[in-house]
file query39.pdb (PDB, C-alpha atoms (C1' of nucleotides))
MODEL        1
ATOM      1  CA  MET A   1      61.686 100.729 114.388
ATOM      2  CA  PRO A   2      65.074 100.827 112.896
ATOM      3  CA  GLU A   3      68.362 100.348 114.587
ATOM      4  CA  LEU A   4      71.000  97.867 113.520
ATOM      5  CA  PRO A   5      69.242  94.689 114.742
ATOM      6  CA  GLU A   6      65.873  95.639 113.270
ATOM      7  CA  VAL A   7      67.402  96.630 109.929
ATOM      8  CA  GLU A   8      69.467  93.446 109.832
ATOM      9  CA  THR A   9      66.370  91.369 110.601
ATOM     10  CA  ILE A  10      64.511  93.007 107.724
ATOM     11  CA  CYS A  11      67.428  92.393 105.355
ATOM     12  CA  ARG A  12      67.478  88.719 106.261
ATOM     13  CA  SER A  13      63.743  88.361 105.797
ATOM     14  CA  LEU A  14      63.991  89.922 102.329
ATOM     15  CA  ARG A  15      67.038  87.966 101.276
ATOM     16  CA  ASP A  16      65.803  84.545 102.321
ATOM     17  CA  ALA A  17      62.615  82.804 101.308
ATOM     18  CA  THR A  18      60.074  81.890 103.969
ATOM     19  CA  GLU A  19      56.989  79.726 103.735
ATOM     20  CA  ALA A  20      55.037  82.955 103.202
ATOM     21  CA  THR A  21      57.265  84.892 100.801
ATOM     22  CA  PRO A  22      59.792  84.237  98.032
ATOM     23  CA  PRO A  23      63.316  85.628  98.256
ATOM     24  CA  LEU A  24      63.797  89.128  96.873
ATOM     25  CA  VAL A  25      67.097  88.056  95.337
ATOM     26  CA  GLY A  26      66.646  87.065  91.713
ATOM     27  CA  GLN A  27      63.509  89.133  91.197
ATOM     28  CA  GLN A  28      63.214  91.638  88.400
ATOM     29  CA  ILE A  29      61.874  95.136  89.016
ATOM     30  CA  ILE A  30      59.437  96.189  86.329
ATOM     31  CA  GLY A  31      58.053  99.428  87.695
ATOM     32  CA  VAL A  32      57.772 101.834  90.621
ATOM     33  CA  ARG A  33      54.912 103.679  92.244
ATOM     34  CA  LEU A  34      55.972 106.821  94.123
ATOM     35  CA  GLY A  35      53.190 107.887  96.461
ATOM     36  CA  TRP A  36      55.470 110.292  98.318
ATOM     37  CA  PRO A  37      58.143 111.416  95.850
ATOM     38  CA  ARG A  38      60.051 113.293  98.540
ATOM     39  CA  HIS A  39      61.240 109.908  99.769
ATOM     40  CA  VAL A  40      63.596 109.864  96.812
ATOM     41  CA  VAL A  41      66.814 111.744  97.502
ATOM     42  CA  GLU A  42      68.535 110.875  94.243
ATOM     43  CA  PRO A  43      68.226 110.693  91.319
ATOM     44  CA  SER A  44      65.028 112.544  90.383
ATOM     45  CA  ALA A  45      61.736 110.668  90.659
ATOM     46  CA  ALA A  46      61.658 110.344  86.871
ATOM     47  CA  GLY A  47      65.292 109.238  86.806
ATOM     48  CA  LEU A  48      64.640 106.554  89.405
ATOM     49  CA  ARG A  49      61.689 105.186  87.466
ATOM     50  CA  ARG A  50      63.668 105.061  84.251
ATOM     51  CA  ARG A  51      66.907 103.625  85.607
ATOM     52  CA  ILE A  52      65.504 100.920  87.863
ATOM     53  CA  ARG A  53      63.225  99.318  85.295
ATOM     54  CA  GLY A  54      64.411  95.884  84.192
ATOM     55  CA  GLN A  55      67.167  95.501  86.790
ATOM     56  CA  ILE A  56      67.359  92.248  88.735
ATOM     57  CA  VAL A  57      68.008  92.055  92.480
ATOM     58  CA  ARG A  58      71.349  90.378  93.093
ATOM     59  CA  ASP A  59      71.715  90.699  96.860
ATOM     60  CA  VAL A  60      70.350  92.391  99.981
ATOM     61  CA  ASN A  61      72.706  93.736 102.616
ATOM     62  CA  ARG A  62      72.987  96.271 105.396
ATOM     63  CA  ARG A  63      75.456  99.009 106.265
ATOM     64  CA  GLY A  64      74.695 100.860 109.481
ATOM     65  CA  LYS A  65      70.971 101.514 109.307
ATOM     66  CA  PHE A  66      70.886 101.550 105.504
ATOM     67  CA  ILE A  67      69.355  98.673 103.537
ATOM     68  CA  LEU A  68      71.321  97.943 100.365
ATOM     69  CA  VAL A  69      69.544  96.211  97.501
ATOM     70  CA  SER A  70      72.194  95.356  94.908
ATOM     71  CA  LEU A  71      70.884  95.487  91.359
ATOM     72  CA  ASP A  72      72.553  94.779  88.024
ATOM     73  CA  ARG A  73      73.897  98.262  87.496
ATOM     74  CA  ASP A  74      72.914 100.252  90.587
ATOM     75  CA  THR A  75      72.268  99.916  94.302
ATOM     76  CA  LEU A  76      68.851 100.740  95.679
ATOM     77  CA  ILE A  77      69.411 102.159  99.155
ATOM     78  CA  VAL A  78      66.625 102.589 101.705
ATOM     79  CA  HIS A  79      66.816 104.273 105.103
ATOM     80  CA  LEU A  80      63.789 103.518 107.281
ATOM     81  CA  MET A  81      64.311 106.443 109.669
ATOM     82  CA  MET A  82      61.746 106.433 112.494
ATOM     83  CA  SER A  83      58.757 104.572 111.134
ATOM     84  CA  GLY A  84      59.713 102.801 107.921
ATOM     85  CA  ASP A  85      59.212  99.174 107.005
ATOM     86  CA  LEU A  86      60.275  97.296 103.876
ATOM     87  CA  PHE A  87      58.571  94.030 102.968
ATOM     88  CA  LEU A  88      57.266  91.803 100.191
ATOM     89  CA  ALA A  89      53.563  91.525  99.442
ATOM     90  CA  PRO A  90      51.549  89.975  96.617
ATOM     91  CA  ALA A  91      50.407  92.572  94.078
ATOM     92  CA  GLY A  92      46.777  91.920  94.921
ATOM     93  CA  THR A  93      47.135  92.656  98.634
ATOM     94  CA  ARG A  94      45.399  95.786  99.850
ATOM     95  CA  ARG A  95      47.877  98.513 100.607
ATOM     96  CA  THR A  96      47.564 100.849 103.559
ATOM     97  CA  PRO A  97      47.624 104.632 103.062
ATOM     98  CA  HIS A  98      51.239 104.542 104.229
ATOM     99  CA  ASP A  99      52.581 102.146 101.607
ATOM    100  CA  HIS A 100      54.034 105.096  99.730
ATOM    101  CA  THR A 101      56.738 103.593  97.591
ATOM    102  CA  ILE A 102      56.066 100.338  95.776
ATOM    103  CA  PHE A 103      58.437  98.434  93.501
ATOM    104  CA  ARG A 104      56.578  96.108  91.167
ATOM    105  CA  LEU A 105      58.258  92.788  90.460
ATOM    106  CA  ALA A 106      57.955  90.554  87.413
ATOM    107  CA  SER A 107      56.848  87.661  89.645
ATOM    108  CA  GLY A 108      53.675  89.443  90.656
ATOM    109  CA  TRP A 109      55.044  90.338  94.075
ATOM    110  CA  GLN A 110      55.789  93.856  95.258
ATOM    111  CA  LEU A 111      58.518  95.337  97.429
ATOM    112  CA  ARG A 112      56.707  97.890  99.572
ATOM    113  CA  PHE A 113      58.167 100.748 101.572
ATOM    114  CA  ARG A 114      55.645 101.655 104.272
ATOM    115  CA  ASP A 115      56.443 104.813 106.219
ATOM    116  CA  PRO A 116      53.726 106.632 108.208
ATOM    117  CA  ARG A 117      55.945 109.528 109.257
ATOM    118  CA  LYS A 118      57.482 109.968 105.810
ATOM    119  CA  PHE A 119      60.988 110.553 107.149
ATOM    120  CA  GLY A 120      62.446 107.631 105.209
ATOM    121  CA  ARG A 121      64.808 107.968 102.272
ATOM    122  CA  VAL A 122      65.413 106.185  99.001
ATOM    123  CA  PHE A 123      68.496 106.413  96.799
ATOM    124  CA  LEU A 124      69.385 104.753  93.513
ATOM    125  CA  VAL A 125      73.091 105.140  92.892
ATOM    126  CA  ALA A 126      75.795 103.516  90.810
ATOM    127  CA  ASP A 127      78.378 104.042  93.548
ATOM    128  CA  ARG A 128      76.984 103.228  96.980
ATOM    129  CA  GLU A 129      79.935 104.847  98.691
ATOM    130  CA  THR A 130      78.587 108.278  97.839
ATOM    131  CA  VAL A 131      75.830 107.542 100.357
ATOM    132  CA  LEU A 132      77.774 105.459 102.878
ATOM    133  CA  GLU A 133      81.180 107.108 102.973
ATOM    134  CA  ARG A 134      80.631 109.027 106.178
ATOM    135  CA  LEU A 135      79.604 106.032 108.266
ATOM    136  CA  GLY A 136      81.786 104.789 111.102
ATOM    137  CA  PRO A 137      82.728 101.130 111.598
ATOM    138  CA  GLU A 138      80.295  98.238 111.962
ATOM    139  CA  PRO A 139      80.255  97.422 115.679
ATOM    140  CA  LEU A 140      79.604  93.710 115.132
ATOM    141  CA  SER A 141      82.310  93.222 112.523
ATOM    142  CA  GLU A 142      85.433  91.172 113.158
ATOM    143  CA  GLY A 143      87.562  94.244 112.740
ATOM    144  CA  PHE A 144      85.833  96.266 115.443
ATOM    145  CA  ARG A 145      88.287  95.822 118.303
ATOM    146  CA  VAL A 146      88.565  97.459 121.704
ATOM    147  CA  LYS A 147      91.496  99.444 120.357
ATOM    148  CA  GLN A 148      89.345 100.942 117.629
ATOM    149  CA  LEU A 149      86.689 101.992 120.130
ATOM    150  CA  GLU A 150      89.420 103.536 122.245
ATOM    151  CA  LEU A 151      90.572 105.629 119.297
ATOM    152  CA  ILE A 152      87.030 106.784 118.560
ATOM    153  CA  LEU A 153      86.429 107.770 122.185
ATOM    154  CA  GLY A 154      89.729 109.615 122.361
ATOM    155  CA  ARG A 155      89.220 111.504 119.121
ATOM    156  CA  HIS A 156      86.300 113.391 120.585
ATOM    157  CA  LYS A 157      85.464 115.325 123.692
ATOM    158  CA  ARG A 158      81.804 114.477 123.910
ATOM    159  CA  ALA A 159      79.262 112.865 126.183
ATOM    160  CA  LEU A 160      79.106 109.115 125.585
ATOM    161  CA  LYS A 161      75.485 108.884 124.518
ATOM    162  CA  PRO A 162      75.474 111.453 121.693
ATOM    163  CA  LEU A 163      78.825 110.108 120.501
ATOM    164  CA  LEU A 164      77.595 106.516 120.346
ATOM    165  CA  MET A 165      74.518 107.660 118.435
ATOM    166  CA  ASP A 166      76.644 109.556 115.915
ATOM    167  CA  GLN A 167      76.640 107.375 112.786
ATOM    168  CA  ALA A 168      79.967 108.836 111.689
ATOM    169  CA  ALA A 169      81.559 107.519 114.887
ATOM    170  CA  ILE A 170      79.939 104.049 114.977
ATOM    171  CA  ALA A 171      77.275 102.852 112.553
ATOM    172  CA  GLY A 172      74.016 101.325 113.682
ATOM    173  CA  LEU A 173      73.347 102.376 117.273
ATOM    174  CA  GLY A 174      70.202 104.384 118.022
ATOM    175  CA  ASN A 175      68.361 105.490 121.126
ATOM    176  CA  ILE A 176      67.410 102.045 122.407
ATOM    177  CA  TYR A 177      70.628 100.133 121.913
ATOM    178  CA  THR A 178      72.768 103.012 123.175
ATOM    179  CA  ASP A 179      70.906 103.012 126.483
ATOM    180  CA  GLU A 180      71.038  99.232 126.690
ATOM    181  CA  ALA A 181      74.773  99.201 125.879
ATOM    182  CA  LEU A 182      75.613 101.872 128.465
ATOM    183  CA  HIS A 183      73.697 100.022 131.164
ATOM    184  CA  ARG A 184      75.527  96.798 130.375
ATOM    185  CA  ALA A 185      78.800  98.736 130.583
ATOM    186  CA  ARG A 186      77.698 100.399 133.856
ATOM    187  CA  LEU A 187      78.516 103.816 132.410
ATOM    188  CA  HIS A 188      76.516 107.025 132.696
ATOM    189  CA  PRO A 189      75.466 108.463 129.306
ATOM    190  CA  LEU A 190      76.902 111.873 130.166
ATOM    191  CA  ARG A 191      80.414 110.621 130.948
ATOM    192  CA  GLY A 192      83.004 112.364 128.797
ATOM    193  CA  SER A 193      84.184 110.026 126.046
ATOM    194  CA  GLN A 194      87.829 110.812 126.762
ATOM    195  CA  THR A 195      87.607 110.147 130.511
ATOM    196  CA  LEU A 196      87.193 106.368 130.344
ATOM    197  CA  GLY A 197      89.863 104.066 131.715
ATOM    198  CA  PRO A 198      90.968 100.867 129.921
ATOM    199  CA  LEU A 199      88.557  98.673 131.867
ATOM    200  CA  GLU A 200      85.657 100.987 131.145
ATOM    201  CA  ILE A 201      86.470 101.064 127.445
ATOM    202  CA  ARG A 202      86.502  97.298 127.350
ATOM    203  CA  ALA A 203      83.202  97.189 129.248
ATOM    204  CA  LEU A 204      81.657  99.593 126.746
ATOM    205  CA  TRP A 205      82.915  97.522 123.827
ATOM    206  CA  LYS A 206      81.343  94.442 125.365
ATOM    207  CA  GLY A 207      78.168  96.317 126.238
ATOM    208  CA  ILE A 208      77.664  97.562 122.685
ATOM    209  CA  ARG A 209      78.176  94.137 121.164
ATOM    210  CA  SER A 210      76.135  92.238 123.691
ATOM    211  CA  ALA A 211      73.189  94.668 123.445
ATOM    212  CA  LEU A 212      73.197  94.428 119.638
ATOM    213  CA  ARG A 213      73.563  90.657 119.667
ATOM    214  CA  ALA A 214      70.698  90.315 122.127
ATOM    215  CA  GLY A 215      68.545  92.448 119.863
ATOM    216  CA  LEU A 216      69.504  90.319 116.882
ATOM    217  CA  ARG A 217      68.714  87.096 118.757
ATOM    218  CA  HIS A 218      65.189  88.385 119.317
ATOM    219  CA  ASN A 219      64.795  89.649 115.728
ATOM    220  CA  GLY A 220      64.805  93.230 116.936
ATOM    221  CA  ALA A 221      62.294  95.164 118.988
ATOM    222  CA  SER A 222      58.696  95.926 118.031
ATOM    223  CA  ILE A 223      57.418  98.810 120.108
ATOM    224  CA  ASP A 224      54.612 100.825 118.632
ATOM    225  CA  TRP A 225      52.186 100.078 115.869
ATOM    226  CA  VAL A 226      55.160  99.842 113.520
ATOM    227  CA  TYR A 227      57.051  96.654 112.855
ATOM    228  CA  ARG A 228      56.177  93.086 113.601
ATOM    229  CA  GLY A 229      58.312  90.096 114.200
ATOM    230  CA  GLY A 230      60.763  90.955 116.941
ATOM    231  CA  ASP A 231      60.290  90.672 120.680
ATOM    232  CA  PHE A 232      63.401  92.289 122.098
ATOM    233  CA  GLN A 233      61.127  94.882 123.705
ATOM    234  CA  ASN A 234      60.321  92.227 126.294
ATOM    235  CA  HIS A 235      63.971  92.041 127.261
ATOM    236  CA  PHE A 236      64.917  95.701 127.676
ATOM    237  CA  ARG A 237      66.946  96.266 130.833
ATOM    238  CA  VAL A 238      66.460 100.026 131.014
ATOM    239  CA  TYR A 239      64.920 101.454 127.836
ATOM    240  CA  GLY A 240      61.310 102.436 128.513
ATOM    241  CA  GLN A 241      61.563 100.977 132.032
ATOM    242  CA  GLU A 242      61.081 104.174 134.052
ATOM    243  CA  GLY A 243      59.768 103.263 137.494
ATOM    244  CA  GLU A 244      60.649  99.597 137.102
ATOM    245  CA  PRO A 245      63.385  97.863 139.086
ATOM    246  CA  CYS A 246      66.816  97.467 137.518
ATOM    247  CA  PRO A 247      67.177  93.774 136.603
ATOM    248  CA  VAL A 248      70.698  93.826 138.024
ATOM    249  CA  CYS A 249      70.316  95.587 141.369
ATOM    250  CA  GLY A 250      66.631  96.397 141.838
ATOM    251  CA  THR A 251      67.081 100.170 141.981
ATOM    252  CA  THR A 252      64.305 102.124 140.267
ATOM    253  CA  ILE A 253      65.119 103.066 136.652
ATOM    254  CA  VAL A 254      64.942 106.794 135.948
ATOM    255  CA  ARG A 255      64.195 108.728 132.759
ATOM    256  CA  SER A 256      66.030 111.890 131.724
ATOM    257  CA  VAL A 257      66.534 113.796 128.502
ATOM    258  CA  ILE A 258      69.963 113.874 126.860
ATOM    259  CA  GLY A 259      70.480 115.364 123.441
ATOM    260  CA  GLN A 260      66.704 115.779 123.217
ATOM    261  CA  ARG A 261      66.214 112.046 123.481
ATOM    262  CA  SER A 262      64.611 110.056 126.260
ATOM    263  CA  THR A 263      67.337 108.349 128.225
ATOM    264  CA  PHE A 264      66.937 105.560 130.741
ATOM    265  CA  THR A 265      69.505 104.687 133.388
ATOM    266  CA  CYS A 266      69.914 102.825 136.634
ATOM    267  CA  PRO A 267      71.171 105.418 139.155
ATOM    268  CA  ASN A 268      72.963 102.713 141.095
ATOM    269  CA  CYS A 269      74.651 100.794 138.266
ATOM    270  CA  GLN A 270      75.401 103.967 136.279
ATOM    271  CA  PRO A 271      76.269 106.608 138.867
ATOM    272  CA  TRP A 272      76.896 110.161 137.778
ATOM    273  CA  GLY A 273      79.177 112.487 139.704
ATOM    274  CA  LYS A 274      80.601 109.798 141.938
ATOM    275  CA  ASN A 275      83.346 108.900 139.546
TER     276      ASN A 275
ATOM    277  C1'  DC B   1      84.377 121.411 117.663
ATOM    278  C1'  DA B   2      80.351 120.327 120.725
ATOM    279  C1'  DC B   3      75.724 121.268 121.910
ATOM    280  C1'  DG B   4      70.898 122.760 121.872
ATOM    281  C1'  DA B   5      66.841 123.952 119.312
ATOM    282  C1'  DG B   6      63.960 123.519 115.426
ATOM    283  C1'  DA B   7      62.413 121.149 111.241
ATOM    284  C1'  DC B   8      60.669 117.251 108.832
ATOM    285  C1'  DC B   9      55.703 114.072 109.447
ATOM    286  C1'  DT B  10      51.808 111.251 111.378
ATOM    287  C1'  DG B  11      49.825 108.404 114.834
ATOM    288  C1'  DT B  12      49.078 106.943 119.659
ATOM    289  C1'  DT B  13      48.731 107.714 124.386
ATOM    290  C1'  DC B  14      48.112 110.460 128.463
ATOM    291  C1'  DG B  15      46.107 113.990 131.449
ATOM    292  C1'  DC B  16      42.425 117.047 132.432
TER     293       DC B  16
ATOM    294  C1'  DT C   1      33.631 111.463 125.369
ATOM    295  C1'  DG C   2      36.649 115.103 123.758
ATOM    296  C1'  DC C   3      40.749 117.719 123.073
ATOM    297  C1'  DG C   4      45.303 119.354 123.347
ATOM    298  C1'  DA C   5      49.912 118.133 124.793
ATOM    299  C1'  DA C   6      53.563 115.012 124.908
ATOM    300  C1'  DC C   7      55.887 111.505 122.818
ATOM    301  C1'  DA C   8      57.871 108.115 119.227
ATOM    302  C1'  DG C   9      63.289 103.500 116.966
ATOM    303  C1'  DG C  10      66.448 109.309 112.972
ATOM    304  C1'  DT C  11      68.929 112.810 110.785
ATOM    305  C1'  DC C  12      69.818 117.466 108.976
ATOM    306  C1'  DT C  13      70.681 122.402 109.501
ATOM    307  C1'  DC C  14      71.369 126.453 111.939
ATOM    308  C1'  DG C  15      72.973 129.433 115.689
ATOM    309  C1'  DT C  16      75.900 129.929 119.859
TER     310       DT C  16
ENDMDL
END
call {"tool": "encode", "arguments": {"input": "query39.pdb", "output": "structure tokens"}}
result
Amino acid sequence: MPELPEVETICRSLRDATEATPPLVGQQIIGVRLGWPRHVVEPSAAGLRRRIRGQIVRDVNRRGKFILVSLDRDTLIVHLMMSGDLFLAPAGTRRTPHDHTIFRLASGWQLRFRDPRKFGRVFLVADRETVLERLGPEPLSEGFRVKQLELILGRHKRALKPLLMDQAAIAGLGNIYTDEALHRARLHPLRGSQTLGPLEIRALWKGIRSALRAGLRHNGASIDWVYRGGDFQNHFRVYGQEGEPCPVCGTTIVRSVIGQRSTFTCPNCQPWGKN
DNA sequence: CACGAGACCTGTTCGC
DNA sequence: TGCGAACAGGTCTCGT
């Protein structure tokens, strides 16, 4: 479930109290259960258990697709990968077989990392930059200007789609939002990054931001059995819409495979070969 | 440097 | 109904 809007939505839900759950900020971690120790990249499982005990959550933020839980001395970093979810639950609540990593809180609540496919990752580090240093810019930040996108596109000689999904180029885009952004920009995913004209670069910049903002407005997308909450899946223009009419021109959306990922395009709005 | 294939995992859905 | 294949929001590593 996790691209930038879904991860951001989860961060907000953890940071802020709701009628159902307390805020994570201010809570003290008193223990950890590691049902799938391979989730932990660093330090060792034993090191994580020892170091995290007693630390209080000071803030919850996001960088790219990473969730950053600021503690007194360290930062707990979680990457949800394909199937992860991070949420608060009362200690008494029954846990599913996929609630592998559980942080026990002094309040009696638990921070649970549920991850059926077990691809997710957990870090506990003093310097978060050791994990985040390779990430590209935040596409929704103030500083992300058309000029910066132009530089990124020009630095490489790659197809647009794999470049946009490269977290070192731009942080936060995944398979869904890349397709949605390219459709908004009316660009084919296989266009060479260095072949775009000024108007196309501006259109791509707008497309990226508007696709992400739309996702955020709907609290992200909930597709499979994973994730709850969001309903952006009901507003996809091309992703998963093979055989359906393009909402812009009515042409039938087609599916192809690019970089081993399903890719959805409108052949009319995003022509290939004719430009 | 750019790209494709394979690995890492489990669950759901689709076709026969 | 049953069973295997295909597929899933991500990233890493290896070979060309």
call {"tool": "interface_residues", "arguments": {"input": "query39.pdb", "of": "chain B", "to": "chain A", "cutoff": "10 Å", "atoms": "only C-alpha atoms (C1' of nucleotides)", "output": "short mmCIF file (atom, residue, chain, number, x, y, z; two decimals) with C-alpha atoms (C1' of nucleotides), in the frame of the given file"}}
result
data_model
loop_
_atom_site.label_atom_id
_atom_site.label_comp_id
_atom_site.auth_asym_id
_atom_site.auth_seq_id
_atom_site.Cartn_x
_atom_site.Cartn_y
_atom_site.Cartn_z
"C1'" DC B 1 84.38 121.41 117.66
"C1'" DA B 2 80.35 120.33 120.72
"C1'" DC B 3 75.72 121.27 121.91
"C1'" DG B 4 70.90 122.76 121.87
"C1'" DA B 5 66.84 123.95 119.31
"C1'" DC B 8 60.67 117.25 108.83
"C1'" DC B 9 55.70 114.07 109.45
"C1'" DT B 10 51.81 111.25 111.38
"C1'" DG B 11 49.82 108.40 114.83
"C1'" DT B 12 49.08 106.94 119.66
#
call {"tool": "interface_residues", "arguments": {"input": "query39.pdb", "of": "chain C", "to": "chain A", "cutoff": "10 Å", "atoms": "only C-alpha atoms (C1' of nucleotides)", "output": "JSON, numbers by chain"}}
result
{"C": [7, 8, 9, 10, 11]}
call {"tool": "resolve_selection", "arguments": {"input": "query39.pdb", "expression": "the PyMOL selection byres ((chain C and resi 3-6) around 9)", "output": "list in words"}}
result
DT13, DC14 and DG15 of chain B; DG2 and DC7 of chain C
call {"tool": "closest_atom_pairs", "arguments": {"input": "query39.pdb", "of": "stretch 68-184 of chain A", "to": "stretch 9-19 of chain A", "cutoff": "10 Å", "atoms": "all atoms listed in the file", "output": "Markdown table"}}
result
| residue | atom | partner | partner_atom | distance |
| --- | --- | --- | --- | --- |
| A:Leu68 | CA | A:Cys11 | CA | 8.4 |
| A:Val69 | CA | A:Cys11 | CA | 9.0 |
| A:Asp85 | CA | A:Ile10 | CA | 8.2 |
| A:Leu86 | CA | A:Ile10 | CA | 7.2 |
| A:Phe87 | CA | A:Leu14 | CA | 6.8 |
| A:Leu88 | CA | A:Leu14 | CA | 7.3 |
| A:Leu111 | CA | A:Leu14 | CA | 9.1 |
call {"tool": "write_last_selection", "arguments": {"input": "query39.pdb", "atoms": "C-alpha atoms", "output": "mmCIF file, in the frame of the given file"}}
result
data_model
loop_
_atom_site.group_PDB
_atom_site.id
_atom_site.type_symbol
_atom_site.label_atom_id
_atom_site.label_comp_id
_atom_site.auth_asym_id
_atom_site.auth_seq_id
_atom_site.Cartn_x
_atom_site.Cartn_y
_atom_site.Cartn_z
ATOM 1 C CA LEU A 68 71.321 97.943 100.365
ATOM 2 C CA VAL A 69 69.544 96.211 97.501
ATOM 3 C CA ASP A 85 59.212 99.174 107.005
ATOM 4 C CA LEU A 86 60.275 97.296 103.876
ATOM 5 C CA PHE A 87 58.571 94.030 102.968
ATOM 6 C CA LEU A 88 57.266 91.803 100.191
ATOM 7 C CA LEU A 111 58.518 95.337 97.429
#
call {"tool": "residues_around", "arguments": {"input": "query39.pdb", "residues": "A:Gly47", "least_positions_apart": "6", "cutoff": "12 Å", "atoms": "all atoms listed in the file", "output": "ChimeraX atom specification"}}
result
/A:32,37,40-41,53,123-125
call {"tool": "atom_distance", "arguments": {"input": "query39.pdb", "atom1": "atom CA of A:Ser141", "atom2": "atom CA of A:Leu212"}}
result
11.6 Å
call {"tool": "resolve_selection", "arguments": {"input": "query39.pdb", "expression": "the PyMOL selection byres ((chain A and resi 30) around 9)", "output": "MDAnalysis selection string"}}
result
chainID A and resid 28:29 31:32 52:55 103:106
call {"tool": "write_last_selection", "arguments": {"input": "query39.pdb", "atoms": "C-alpha atoms", "output": "short mmCIF file (atom, residue, chain, number, x, y, z; two decimals), keeping the file's coordinate frame"}}
result
data_model
loop_
_atom_site.label_atom_id
_atom_site.label_comp_id
_atom_site.auth_asym_id
_atom_site.auth_seq_id
_atom_site.Cartn_x
_atom_site.Cartn_y
_atom_site.Cartn_z
CA GLN A 28 63.21 91.64 88.40
CA ILE A 29 61.87 95.14 89.02
CA GLY A 31 58.05 99.43 87.70
CA VAL A 32 57.77 101.83 90.62
CA ILE A 52 65.50 100.92 87.86
CA ARG A 53 63.22 99.32 85.30
CA GLY A 54 64.41 95.88 84.19
CA GLN A 55 67.17 95.50 86.79
CA PHE A 103 58.44 98.43 93.50
CA ARG A 104 56.58 96.11 91.17
CA LEU A 105 58.26 92.79 90.46
CA ALA A 106 57.96 90.55 87.41
#
call {"tool": "decode", "arguments": {"input": "query39.pdb", "residues": "chain B", "atoms": "C-alpha atoms (C1' of nucleotides)", "output": "short mmCIF file (atom, residue, chain, number, x, y, z; two decimals), in the first residue's frame"}}
result
data_model
loop_
_atom_site.label_atom_id
_atom_site.label_comp_id
_atom_site.auth_asym_id
_atom_site.auth_seq_id
_atom_site.Cartn_x
_atom_site.Cartn_y
_atom_site.Cartn_z
"C1'" DC B 1 25.48 4.08 -16.96
"C1'" DA B 2 20.96 1.87 -18.17
"C1'" DC B 3 18.29 -2.20 -18.33
"C1'" DG B 4 16.44 -6.84 -17.58
"C1'" DA B 5 16.03 -10.83 -14.70
"C1'" DG B 6 15.86 -12.94 -10.33
"C1'" DA B 7 15.34 -12.80 -5.30
"C1'" DC B 8 12.87 -11.74 -1.20
"C1'" DC B 9 7.56 -13.43 0.81
"C1'" DT B 10 2.50 -14.47 1.24
"C1'" DG B 11 -2.16 -13.97 -0.18
"C1'" DT B 12 -5.81 -13.34 -3.67
"C1'" DT B 13 -7.72 -13.86 -8.05
"C1'" DC B 14 -8.18 -15.90 -12.54
"C1'" DG B 15 -8.44 -19.55 -16.00
"C1'" DC B 16 -9.06 -24.28 -17.06
#
